[in-house]
$ cat query.cif   # mmCIF, C-alpha atoms
data_run
#
loop_
_atom_site.label_atom_id
_atom_site.label_comp_id
_atom_site.auth_asym_id
_atom_site.auth_seq_id
_atom_site.Cartn_x
_atom_site.Cartn_y
_atom_site.Cartn_z
CA MET A 202 11.37 -27.20 68.98
CA LYS A 203 13.43 -29.76 67.17
CA ARG A 204 12.42 -33.29 67.87
CA PRO A 205 15.10 -35.95 67.62
CA SER A 206 14.36 -38.33 64.81
CA PRO A 207 13.71 -41.90 65.90
CA LEU A 208 16.51 -42.92 63.56
CA VAL A 209 19.01 -40.71 65.34
CA GLN A 210 18.48 -42.52 68.57
CA GLN A 211 19.58 -45.82 67.04
CA GLY A 212 23.24 -44.82 67.00
CA ASN A 213 25.88 -42.62 65.45
CA GLN A 214 25.99 -44.42 62.09
CA THR A 215 22.31 -43.83 61.38
CA ASP A 216 22.71 -40.22 62.46
CA LEU A 217 25.48 -39.67 59.92
CA ASP A 218 23.55 -41.41 57.15
CA SER A 219 20.39 -39.42 57.68
CA ALA A 220 22.31 -36.14 57.84
CA MET A 221 24.17 -36.82 54.62
CA THR A 222 21.29 -38.02 52.50
CA PRO A 223 19.86 -34.56 51.58
CA MET A 224 23.34 -33.26 50.82
CA ILE A 225 24.12 -36.15 48.48
CA ASP A 226 20.70 -35.56 46.94
CA VAL A 227 21.56 -31.96 46.17
CA VAL A 228 25.04 -32.80 44.89
CA PHE A 229 23.67 -35.41 42.50
CA LEU A 230 21.09 -32.95 41.29
CA LEU A 231 23.82 -30.40 40.56
CA LEU A 232 25.99 -33.01 38.86
CA VAL A 233 23.10 -34.07 36.64
CA PHE A 234 22.41 -30.42 35.84
CA PHE A 235 26.00 -29.73 34.76
CA VAL A 236 26.31 -32.93 32.75
CA TRP A 237 23.03 -32.14 31.04
CA THR A 238 23.89 -28.53 30.17
CA ALA A 239 27.41 -29.52 29.02
CA SER A 240 25.90 -31.92 26.49
CA PHE A 241 24.23 -28.97 24.73
CA GLN A 242 27.55 -27.32 24.01
CA MET A 243 29.04 -28.19 20.64
CA ILE A 244 32.74 -28.90 20.86
CA GLU A 245 34.83 -26.53 18.78
CA TYR A 246 37.71 -27.79 16.72
CA VAL A 247 40.63 -25.95 15.18
CA LEU A 248 41.50 -25.61 11.52
CA PRO A 249 45.06 -24.33 11.16
CA SER A 250 45.79 -22.20 8.13
CA GLU A 251 49.09 -21.16 6.67
CA MET A 252 49.96 -17.53 6.32
CA SER A 253 52.81 -16.58 4.09
CA SER A 254 54.67 -13.31 4.18
CA GLN A 255 53.97 -12.77 0.48
CA ALA A 256 50.26 -12.65 1.16
CA GLY A 257 50.30 -9.44 3.11
CA SER A 258 51.55 -5.97 2.64
CA ALA A 259 54.25 -6.30 5.31
CA PRO A 260 57.61 -5.10 4.04
CA VAL A 261 60.10 -7.86 3.49
CA GLU A 262 63.61 -6.70 4.30
CA ASN A 263 65.61 -9.44 2.64
CA PRO A 264 63.53 -11.06 -0.04
CA ILE A 265 64.67 -14.57 -0.79
CA GLU A 266 64.85 -15.66 -4.40
CA GLU A 267 62.51 -18.61 -4.78
CA PRO A 268 63.71 -21.47 -6.98
CA PRO A 269 61.75 -21.83 -10.23
CA LYS A 270 58.79 -24.13 -9.85
CA ASP A 271 58.26 -27.24 -11.94
CA PHE A 272 54.51 -26.82 -11.81
CA ASP A 273 52.17 -23.88 -11.57
CA ASP A 274 50.16 -23.29 -8.43
CA ILE A 275 46.69 -24.79 -8.39
CA VAL A 276 44.22 -21.94 -8.17
CA VAL A 277 40.68 -22.65 -7.05
CA ARG A 278 38.36 -19.72 -7.67
CA ILE A 279 35.10 -19.63 -5.76
CA ASP A 280 32.17 -17.52 -6.85
CA TRP A 281 28.75 -16.99 -5.32
CA ASP A 282 25.55 -16.09 -7.17
CA GLY A 283 23.58 -15.42 -3.98
CA GLN A 284 22.23 -18.96 -3.76
CA ALA A 285 24.98 -21.44 -4.52
CA PRO A 286 28.74 -21.45 -5.06
CA SER A 287 30.50 -22.18 -8.32
CA TYR A 288 34.06 -23.40 -8.60
CA ILE A 289 36.82 -22.89 -11.16
CA VAL A 290 39.91 -25.08 -10.82
CA ASN A 291 42.80 -23.82 -12.95
CA GLU A 292 40.43 -21.93 -15.29
CA GLN A 293 38.13 -24.94 -15.72
CA THR A 294 34.61 -24.77 -14.33
CA VAL A 295 33.79 -27.57 -11.92
CA ALA A 296 30.18 -28.46 -11.12
CA SER A 297 30.32 -29.39 -7.46
CA LEU A 298 32.54 -29.42 -4.40
CA LYS A 299 32.73 -33.20 -4.64
CA GLU A 300 34.16 -32.89 -8.13
CA VAL A 301 36.66 -30.26 -6.91
CA GLN A 302 37.86 -32.72 -4.31
CA GLN A 303 38.10 -35.52 -6.90
CA ARG A 304 40.24 -33.33 -9.18
CA LEU A 305 42.49 -32.22 -6.36
CA THR A 306 42.86 -35.80 -5.13
CA ALA A 307 43.85 -36.87 -8.66
CA ILE A 308 46.50 -34.13 -8.80
CA SER A 309 47.84 -34.87 -5.31
CA GLU A 310 48.19 -38.57 -6.22
CA LEU A 311 50.76 -37.53 -8.83
CA GLU A 312 52.89 -36.45 -5.83
CA ILE A 313 53.38 -32.98 -7.18
CA VAL A 314 54.48 -30.63 -4.43
CA THR A 315 52.64 -27.47 -5.27
CA PRO A 316 50.45 -25.19 -3.20
CA VAL A 317 46.72 -24.82 -3.64
CA ILE A 318 45.59 -21.22 -3.62
CA LEU A 319 41.98 -20.45 -2.84
CA HIS A 320 40.70 -17.32 -4.48
CA PRO A 321 37.20 -16.62 -3.18
CA GLU A 322 35.19 -13.67 -4.43
CA PRO A 323 34.47 -11.16 -1.63
CA VAL A 324 30.77 -12.17 -1.44
CA VAL A 325 31.37 -15.89 -0.88
CA PRO A 326 30.22 -16.95 2.62
CA LEU A 327 32.97 -18.07 5.00
CA GLY A 328 31.30 -21.47 5.42
CA VAL A 329 31.75 -22.21 1.69
CA VAL A 330 35.39 -21.01 1.71
CA ILE A 331 36.19 -23.27 4.67
CA GLU A 332 34.47 -26.21 2.95
CA VAL A 333 36.74 -25.82 -0.09
CA TYR A 334 39.79 -25.37 2.14
CA ASP A 335 38.79 -28.55 3.98
CA SER A 336 38.37 -30.44 0.69
CA ALA A 337 41.83 -29.36 -0.46
CA LYS A 338 43.33 -30.54 2.83
CA LEU A 339 41.46 -33.84 2.63
CA SER A 340 42.74 -34.28 -0.94
CA GLY A 341 46.24 -34.55 0.46
CA PHE A 342 47.68 -31.10 -0.15
CA ALA A 343 49.86 -29.90 2.70
CA GLU A 344 49.94 -26.29 1.62
CA VAL A 345 46.63 -24.56 1.06
CA SER A 346 46.54 -20.80 1.27
CA PHE A 347 44.09 -17.98 0.82
CA ALA A 348 44.49 -15.23 -1.70
CA VAL A 349 43.89 -11.84 -0.12
CA ASN A 350 43.57 -8.44 -1.65
CA PRO A 351 46.17 -6.10 -0.06
CA GLN A 352 43.81 -3.18 -0.68
CA GLY A 353 41.22 -4.77 1.60
CA LEU A 354 42.59 -3.41 4.87
CA MET B 18 33.33 -35.95 58.91
CA THR B 19 30.14 -34.50 57.44
CA PRO B 20 31.33 -30.85 57.46
CA MET B 21 34.49 -31.89 55.68
CA ILE B 22 32.55 -33.72 52.96
CA ASP B 23 30.32 -30.66 52.79
CA VAL B 24 33.28 -28.39 52.15
CA VAL B 25 34.81 -30.78 49.63
CA PHE B 26 31.58 -30.95 47.64
CA LEU B 27 31.25 -27.20 47.79
CA LEU B 28 34.75 -26.85 46.38
CA ILE B 29 34.03 -29.38 43.62
CA ILE B 30 30.91 -27.47 42.66
CA PHE B 31 32.79 -24.17 42.76
CA PHE B 32 35.50 -25.45 40.41
CA LEU B 33 32.96 -27.03 38.09
CA VAL B 34 31.03 -23.79 37.81
CA SER B 35 34.09 -21.57 37.43
CA SER B 36 35.68 -23.76 34.74
CA HIS B 37 32.35 -23.83 32.92
CA LEU B 38 32.11 -20.06 33.01
CA SER B 39 35.71 -19.41 32.02
CA ARG B 40 35.26 -21.67 29.00
CA GLN B 41 32.16 -19.78 27.95
CA GLU B 42 33.66 -16.34 28.51
CA SER B 43 35.41 -16.06 25.16
CA GLN B 44 32.80 -18.01 23.27
CA LEU B 45 30.16 -15.96 21.64
CA GLU B 46 27.33 -18.10 20.26
CA LEU B 47 28.12 -18.40 16.55
CA GLU B 48 27.24 -20.80 13.81
CA LEU B 49 30.76 -21.83 12.88
CA PRO B 50 31.82 -23.36 9.55
CA VAL B 51 32.19 -27.13 9.26
CA ALA B 52 35.48 -28.86 8.44
CA ALA B 53 36.26 -32.57 8.62
CA SER B 54 40.04 -32.06 8.59
CA SER B 55 39.94 -30.01 11.78
CA GLN B 56 41.87 -30.98 14.87
CA GLU B 57 41.11 -31.04 18.55
CA ASP B 58 42.32 -27.96 20.38
CA MET B 59 45.06 -29.40 22.60
CA ASP B 60 47.35 -26.41 22.80
CA GLN B 61 46.59 -24.33 25.86
CA GLU B 62 50.09 -22.85 26.20
CA THR B 63 50.30 -20.59 23.14
CA PRO B 64 49.11 -17.02 23.77
CA ARG B 65 45.99 -16.44 21.74
CA LEU B 66 43.83 -13.63 20.44
CA THR B 67 40.32 -14.64 19.43
CA VAL B 68 38.49 -12.53 16.87
CA ASN B 69 34.76 -13.15 16.68
CA VAL B 70 32.98 -12.27 13.45
CA LYS B 71 29.27 -11.87 14.04
CA PRO B 72 26.71 -12.59 11.31
CA ASP B 73 26.21 -8.83 10.84
CA GLY B 74 29.91 -8.54 9.90
CA THR B 75 31.16 -6.79 13.04
CA LEU B 76 34.51 -7.85 14.44
CA TRP B 77 34.80 -8.44 18.19
CA LEU B 78 38.07 -8.70 20.07
CA ALA B 79 38.18 -9.29 23.84
CA GLY B 80 34.46 -8.62 24.20
CA ARG B 81 34.48 -5.29 22.33
CA PRO B 82 33.73 -4.35 18.74
CA VAL B 83 36.81 -3.25 16.79
CA ASP B 84 37.36 -1.77 13.37
CA ARG B 85 40.06 -2.85 10.94
CA GLN B 86 42.62 -0.24 11.97
CA GLN B 87 42.18 -1.03 15.67
CA LEU B 88 42.55 -4.70 14.88
CA GLN B 89 45.88 -4.19 13.18
CA GLN B 90 47.10 -2.03 16.06
CA ARG B 91 46.00 -4.58 18.67
CA PHE B 92 47.67 -7.41 16.75
CA ALA B 93 50.94 -5.47 16.55
CA GLU B 94 50.82 -4.69 20.29
CA ALA B 95 50.06 -8.30 21.16
CA ARG B 96 52.88 -9.56 18.98
CA ASP B 97 55.33 -7.17 20.60
CA SER B 98 54.27 -8.12 24.13
CA LYS B 99 53.66 -11.85 23.71
CA GLY B 100 56.12 -12.80 21.01
CA GLU B 101 55.96 -14.05 17.44
CA ASN B 102 54.42 -17.35 18.49
CA ILE B 103 51.08 -15.72 19.21
CA GLU B 104 48.01 -17.35 17.66
CA VAL B 105 45.05 -15.51 16.15
CA ARG B 106 41.89 -17.58 16.13
CA ILE B 107 39.10 -16.52 13.82
CA ARG B 108 35.66 -17.50 15.08
CA GLY B 109 33.50 -16.44 12.18
CA SER B 110 29.87 -17.12 11.48
CA ARG B 111 29.61 -19.32 8.40
CA SER B 112 27.26 -16.85 6.72
CA VAL B 113 29.61 -13.82 6.74
CA PRO B 114 31.17 -12.93 3.38
CA TYR B 115 34.85 -13.60 2.79
CA SER B 116 35.47 -9.85 2.49
CA THR B 117 34.77 -9.56 6.25
CA VAL B 118 37.39 -12.16 7.17
CA GLU B 119 40.01 -11.07 4.63
CA PRO B 120 41.05 -7.94 6.60
CA ILE B 121 41.73 -10.09 9.69
CA MET B 122 44.22 -12.18 7.72
CA LEU B 123 45.75 -9.05 6.23
CA ALA B 124 46.08 -7.50 9.69
CA CYS B 125 47.83 -10.70 10.84
CA THR B 126 50.38 -10.57 8.04
CA SER B 127 50.93 -6.85 8.60
CA ALA B 128 51.59 -7.54 12.28
CA ARG B 129 53.81 -10.48 11.27
CA ILE B 130 51.58 -13.07 12.94
CA TRP B 131 51.70 -16.32 10.99
CA ASN B 132 49.83 -18.61 13.35
CA VAL B 133 46.21 -18.19 12.27
CA THR B 134 43.53 -20.76 12.96
CA TYR B 135 39.82 -21.05 12.34
CA ALA B 136 37.31 -22.29 14.91
CA VAL B 137 35.08 -24.88 13.23
CA TYR B 138 32.72 -27.72 13.99
CA GLN B 139 33.43 -31.23 12.83
CA GLU B 140 31.30 -32.85 10.16
CA GLU B 141 29.25 -35.14 12.38
CA GLN B 142 28.14 -32.32 14.66
CA ARG B 143 26.31 -30.41 11.97
#
$ encode --input "query.cif" --output "structure tokens"
Amino acid sequence: MKRPSPLVQQGNQTDLDSAMTPMIDVVFLLLVFFVWTASFQMIEYVLPSEMSSQAGSAPVENPIEEPPKDFDDIVVRIDWDGQAPSYIVNEQTVASLKEVQQRLTAISELEIVTPVILHPEPVVPLGVVIEVYDSAKLSGFAEVSFAVNPQGL
Amino acid sequence: MTPMIDVVFLLIIFFLVSSHLSRQESQLELELPVAASSQEDMDQETPRLTVNVKPDGTLWLAGRPVDRQQLQQRFAEARDSKGENIEVRIRGSRSVPYSTVEPIMLACTSARIWNVTYAVYQEEQR
């Protein structure tokens, strides 16, 4: 048999308070749980990349004649020996990623509008490729694209 | 009043849980690459296809493993049904070789999809 709580007899307000307390307890517990679990999730960001029609094997119906360029494209080759990456910027070996970024920054400061083309070897891990892409973007180049092998599909 | 508050709290909890689950649905646990120049994902309007690349090199689209030919076919279908604005997001493990990701980009160009993005973490979250 349910016995009325002594608090309930004191009036409606106390009745409401005592009835709500466990519910609020539970709700707070759930809120804390969700806030806590959400903090474990790493927030994902987006890195946009440019795709150009020349890169793929899609047929181009009306090819547009490109105007001659004043400067050659900047080609960054990335190789991987199984342990660490090595970089070649325009046929010159560069020791580290930091140095790659320094070179690219120096070129971009000349305000030359030319694309940077990343040419990773097939074995290079994606993380390394994205790091170089990121460095090129941070150096100030608006157009950074990936070289792909049309035979790869 | 108590039943009403009860119901309201129940609804709040329901929406919290469902939004949490729907966010997780397309997100396979992967160690993504790191990029400082990345942007916050604000665009929820553009139709999107997310390709997950697992560390073993398998490609997953809409919760199922796909091969390269299927990928190209699915991209072409999606472009025809959802328009040329469609986005392909590559969620690749940072350890997979570039040769695994290359066919995804090739399939995009073959299907005439130009909006390709990479899912990454920002520098400070490493």
$ residues_around --input "query.cif" --residues "Arg111 of chain B" --least-positions-apart "5" --cutoff "6 Å" --atoms "all atoms listed in the file" --output "PyMOL selection string"
(chain A and resi 327-328) or (chain B and resi 49-50)
$ residues_around --input "query.cif" --residues "Met59 of chain B" --least-positions-apart "3" --cutoff "10 Å" --atoms "all atoms listed in the file" --output "PyMOL selection string"
(chain A and resi 246-247) or (chain B and resi 56+62)
$ write_last_selection --input "query.cif" --atoms "C-alpha atoms" --output "PDB file, keeping the file's coordinate frame"
ATOM      1  CA  TYR A 246      37.710 -27.790  16.720  1.00  0.00           C
ATOM      2  CA  VAL A 247      40.630 -25.950  15.180  1.00  0.00           C
TER       3      VAL A 247
ATOM      4  CA  GLN B  56      41.870 -30.980  14.870  1.00  0.00           C
ATOM      5  CA  GLU B  62      50.090 -22.850  26.200  1.00  0.00           C
TER       6      GLU B  62
END
$ closest_residue --input "query.cif" --among "A:Gly341, A:Phe229, A:Gly283, A:Glu245" --to "Leu45 of chain B" --atoms "all atoms listed in the file"
A:Glu245
$ atom_distance --input "query.cif" --atom1 "atom CA of Val349 of chain A" --atom2 "atom CA of Glu119 of chain B"
6.2 Å
$ closest_residue --input "query.cif" --among "A:Ser219, A:Thr238, A:Ser250, A:Gln303" --to "chain B" --atoms "all atoms listed in the file"
A:Ser250
$ closest_residue --input "query.cif" --among "B:Ile29, B:Leu88, B:Val133, B:Leu76" --to "chain A" --atoms "all atoms listed in the file"
B:Val133
$ closest_residue --input "query.cif" --among "B:Asp84, B:Glu48, B:Asp58, B:Glu140" --to "chain A" --atoms "all atoms listed in the file"
B:Asp58
$ resolve_selection --input "query.cif" --expression "the PyMOL selection byres ((chain B) within 9 of (chain A))" --output "PyMOL selection string"
chain B and resi 18-19+23+26-27+30+33-34+37+49-58+85-86+89+106+109-139+142
$ resolve_selection --input "query.cif" --expression "the PyMOL selection byres ((chain A and resi 290) around 9)" --output "number ranges by chain"
A: 275-279, 288-289, 291-295, 301, 304-305
$ resolve_selection --input "query.cif" --expression "the PyMOL selection byres ((chain B and resi 78) around 9)" --output "PyMOL selection string"
chain B and resi 66-69+76-77+79-83+88
$ atom_distance --input "query.cif" --atom1 "atom CA of Ser346 of chain A" --atom2 "atom CA of Thr315 of chain A"
11.2 Å
$ atom_distance --input "query.cif" --atom1 "atom CA of Gly74 of chain B" --atom2 "atom CA of Leu298 of chain A"
25.4 Å
$ closest_residue --input "query.cif" --among "B:Val105, B:Pro72, B:Gln90, B:Ala95" --to "Glu46 of chain B" --atoms "all atoms listed in the file"
B:Pro72
$ axis_aligned_box --input "query.cif" --around "segment 302-316 of chain A" --padding-each-side "3 Å" --output "JSON"
{"center_x": 46.2, "center_y": -31.9, "center_z": -6.2, "size_x": 22.6, "size_y": 19.4, "size_z": 12.0}
$ closest_residue --input "query.cif" --among "B:Ser36, B:Lys99, B:Ile107, B:Gln87" --to "Val70 of chain B" --atoms "all atoms listed in the file"
B:Ile107
$ residues_around --input "query.cif" --residues "Asp274 of chain A" --least-positions-apart "5" --cutoff "7 Å" --atoms "all atoms listed in the file" --output "number ranges by chain"
A: 315-318
$ build_atoms --input "query.cif" --residues "segment 71-101 of chain B" --atoms "N, CA and C atoms" --output "PDB file, in the coordinates of the input"
ATOM      1  N   LYS B  71      30.706 -11.628  13.899  1.00  0.00           N
ATOM      2  CA  LYS B  71      29.270 -11.870  14.040  1.00  0.00           C
ATOM      3  C   LYS B  71      28.588 -11.913  12.667  1.00  0.00           C
ATOM      4  N   PRO B  72      27.392 -12.511  12.609  1.00  0.00           N
ATOM      5  CA  PRO B  72      26.710 -12.590  11.310  1.00  0.00           C
ATOM      6  C   PRO B  72      26.472 -11.232  10.640  1.00  0.00           C
ATOM      7  N   ASP B  73      26.408 -10.152  11.447  1.00  0.00           N
ATOM      8  CA  ASP B  73      26.210  -8.830  10.840  1.00  0.00           C
ATOM      9  C   ASP B  73      27.527  -8.234  10.307  1.00  0.00           C
ATOM     10  N   GLY B  74      28.641  -8.972  10.471  1.00  0.00           N
ATOM     11  CA  GLY B  74      29.910  -8.540   9.900  1.00  0.00           C
ATOM     12  C   GLY B  74      30.804  -7.761  10.864  1.00  0.00           C
ATOM     13  N   THR B  75      30.327  -7.524  12.085  1.00  0.00           N
ATOM     14  CA  THR B  75      31.160  -6.790  13.040  1.00  0.00           C
ATOM     15  C   THR B  75      32.226  -7.700  13.634  1.00  0.00           C
ATOM     16  N   LEU B  76      33.393  -7.103  13.869  1.00  0.00           N
ATOM     17  CA  LEU B  76      34.510  -7.850  14.440  1.00  0.00           C
ATOM     18  C   LEU B  76      34.580  -7.552  15.928  1.00  0.00           C
ATOM     19  N   TRP B  77      34.740  -8.597  16.734  1.00  0.00           N
ATOM     20  CA  TRP B  77      34.800  -8.440  18.190  1.00  0.00           C
ATOM     21  C   TRP B  77      36.108  -9.039  18.697  1.00  0.00           C
ATOM     22  N   LEU B  78      36.813  -8.235  19.475  1.00  0.00           N
ATOM     23  CA  LEU B  78      38.070  -8.700  20.070  1.00  0.00           C
ATOM     24  C   LEU B  78      37.998  -8.396  21.565  1.00  0.00           C
ATOM     25  N   ALA B  79      38.214  -9.415  22.380  1.00  0.00           N
ATOM     26  CA  ALA B  79      38.180  -9.290  23.840  1.00  0.00           C
ATOM     27  C   ALA B  79      36.872  -8.632  24.325  1.00  0.00           C
ATOM     28  N   GLY B  80      35.773  -9.071  23.742  1.00  0.00           N
ATOM     29  CA  GLY B  80      34.460  -8.620  24.200  1.00  0.00           C
ATOM     30  C   GLY B  80      34.046  -7.247  23.700  1.00  0.00           C
ATOM     31  N   ARG B  81      34.840  -6.628  22.839  1.00  0.00           N
ATOM     32  CA  ARG B  81      34.480  -5.290  22.330  1.00  0.00           C
ATOM     33  C   ARG B  81      34.547  -5.249  20.813  1.00  0.00           C
ATOM     34  N   PRO B  82      33.657  -4.466  20.199  1.00  0.00           N
ATOM     35  CA  PRO B  82      33.730  -4.350  18.740  1.00  0.00           C
ATOM     36  C   PRO B  82      34.961  -3.535  18.328  1.00  0.00           C
ATOM     37  N   VAL B  83      35.618  -3.965  17.279  1.00  0.00           N
ATOM     38  CA  VAL B  83      36.810  -3.250  16.790  1.00  0.00           C
ATOM     39  C   VAL B  83      36.681  -3.013  15.295  1.00  0.00           C
ATOM     40  N   ASP B  84      37.311  -1.945  14.818  1.00  0.00           N
ATOM     41  CA  ASP B  84      37.360  -1.770  13.370  1.00  0.00           C
ATOM     42  C   ASP B  84      38.701  -2.291  12.861  1.00  0.00           C
ATOM     43  N   ARG B  85      38.892  -2.208  11.557  1.00  0.00           N
ATOM     44  CA  ARG B  85      40.060  -2.850  10.940  1.00  0.00           C
ATOM     45  C   ARG B  85      41.376  -2.240  11.405  1.00  0.00           C
ATOM     46  N   GLN B  86      41.381  -0.914  11.548  1.00  0.00           N
ATOM     47  CA  GLN B  86      42.620  -0.240  11.970  1.00  0.00           C
ATOM     48  C   GLN B  86      42.984  -0.627  13.413  1.00  0.00           C
ATOM     49  N   GLN B  87      41.946  -0.655  14.270  1.00  0.00           N
ATOM     50  CA  GLN B  87      42.180  -1.030  15.670  1.00  0.00           C
ATOM     51  C   GLN B  87      42.712  -2.460  15.749  1.00  0.00           C
ATOM     52  N   LEU B  88      42.150  -3.298  14.886  1.00  0.00           N
ATOM     53  CA  LEU B  88      42.550  -4.700  14.880  1.00  0.00           C
ATOM     54  C   LEU B  88      44.036  -4.843  14.585  1.00  0.00           C
ATOM     55  N   GLN B  89      44.473  -4.130  13.575  1.00  0.00           N
ATOM     56  CA  GLN B  89      45.880  -4.190  13.180  1.00  0.00           C
ATOM     57  C   GLN B  89      46.782  -3.691  14.312  1.00  0.00           C
ATOM     58  N   GLN B  90      46.334  -2.610  14.955  1.00  0.00           N
ATOM     59  CA  GLN B  90      47.100  -2.030  16.060  1.00  0.00           C
ATOM     60  C   GLN B  90      47.189  -3.011  17.234  1.00  0.00           C
ATOM     61  N   ARG B  91      46.038  -3.641  17.539  1.00  0.00           N
ATOM     62  CA  ARG B  91      46.000  -4.580  18.670  1.00  0.00           C
ATOM     63  C   ARG B  91      46.859  -5.819  18.373  1.00  0.00           C
ATOM     64  N   PHE B  92      46.853  -6.262  17.131  1.00  0.00           N
ATOM     65  CA  PHE B  92      47.670  -7.410  16.750  1.00  0.00           C
ATOM     66  C   PHE B  92      49.161  -7.069  16.927  1.00  0.00           C
ATOM     67  N   ALA B  93      49.527  -5.881  16.459  1.00  0.00           N
ATOM     68  CA  ALA B  93      50.940  -5.470  16.550  1.00  0.00           C
ATOM     69  C   ALA B  93      51.374  -5.371  18.012  1.00  0.00           C
ATOM     70  N   GLU B  94      50.508  -4.805  18.848  1.00  0.00           N
ATOM     71  CA  GLU B  94      50.820  -4.690  20.290  1.00  0.00           C
ATOM     72  C   GLU B  94      50.975  -6.068  20.917  1.00  0.00           C
ATOM     73  N   ALA B  95      50.034  -6.952  20.576  1.00  0.00           N
ATOM     74  CA  ALA B  95      50.060  -8.300  21.160  1.00  0.00           C
ATOM     75  C   ALA B  95      51.301  -9.061  20.720  1.00  0.00           C
ATOM     76  N   ARG B  96      51.694  -8.866  19.468  1.00  0.00           N
ATOM     77  CA  ARG B  96      52.880  -9.560  18.980  1.00  0.00           C
ATOM     78  C   ARG B  96      54.134  -9.047  19.695  1.00  0.00           C
ATOM     79  N   ASP B  97      54.178  -7.747  19.912  1.00  0.00           N
ATOM     80  CA  ASP B  97      55.330  -7.170  20.600  1.00  0.00           C
ATOM     81  C   ASP B  97      55.405  -7.630  22.057  1.00  0.00           C
ATOM     82  N   SER B  98      54.251  -7.753  22.706  1.00  0.00           N
ATOM     83  CA  SER B  98      54.270  -8.120  24.130  1.00  0.00           C
ATOM     84  C   SER B  98      54.343  -9.627  24.348  1.00  0.00           C
ATOM     85  N   LYS B  99      53.737 -10.400  23.462  1.00  0.00           N
ATOM     86  CA  LYS B  99      53.660 -11.850  23.710  1.00  0.00           C
ATOM     87  C   LYS B  99      54.531 -12.691  22.793  1.00  0.00           C
ATOM     88  N   GLY B 100      55.189 -12.060  21.855  1.00  0.00           N
ATOM     89  CA  GLY B 100      56.120 -12.800  21.010  1.00  0.00           C
ATOM     90  C   GLY B 100      55.510 -13.251  19.703  1.00  0.00           C
ATOM     91  N   GLU B 101      56.398 -13.725  18.807  1.00  0.00           N
ATOM     92  CA  GLU B 101      55.960 -14.050  17.440  1.00  0.00           C
ATOM     93  C   GLU B 101      55.142 -15.343  17.360  1.00  0.00           C
TER      94      GLU B 101
END
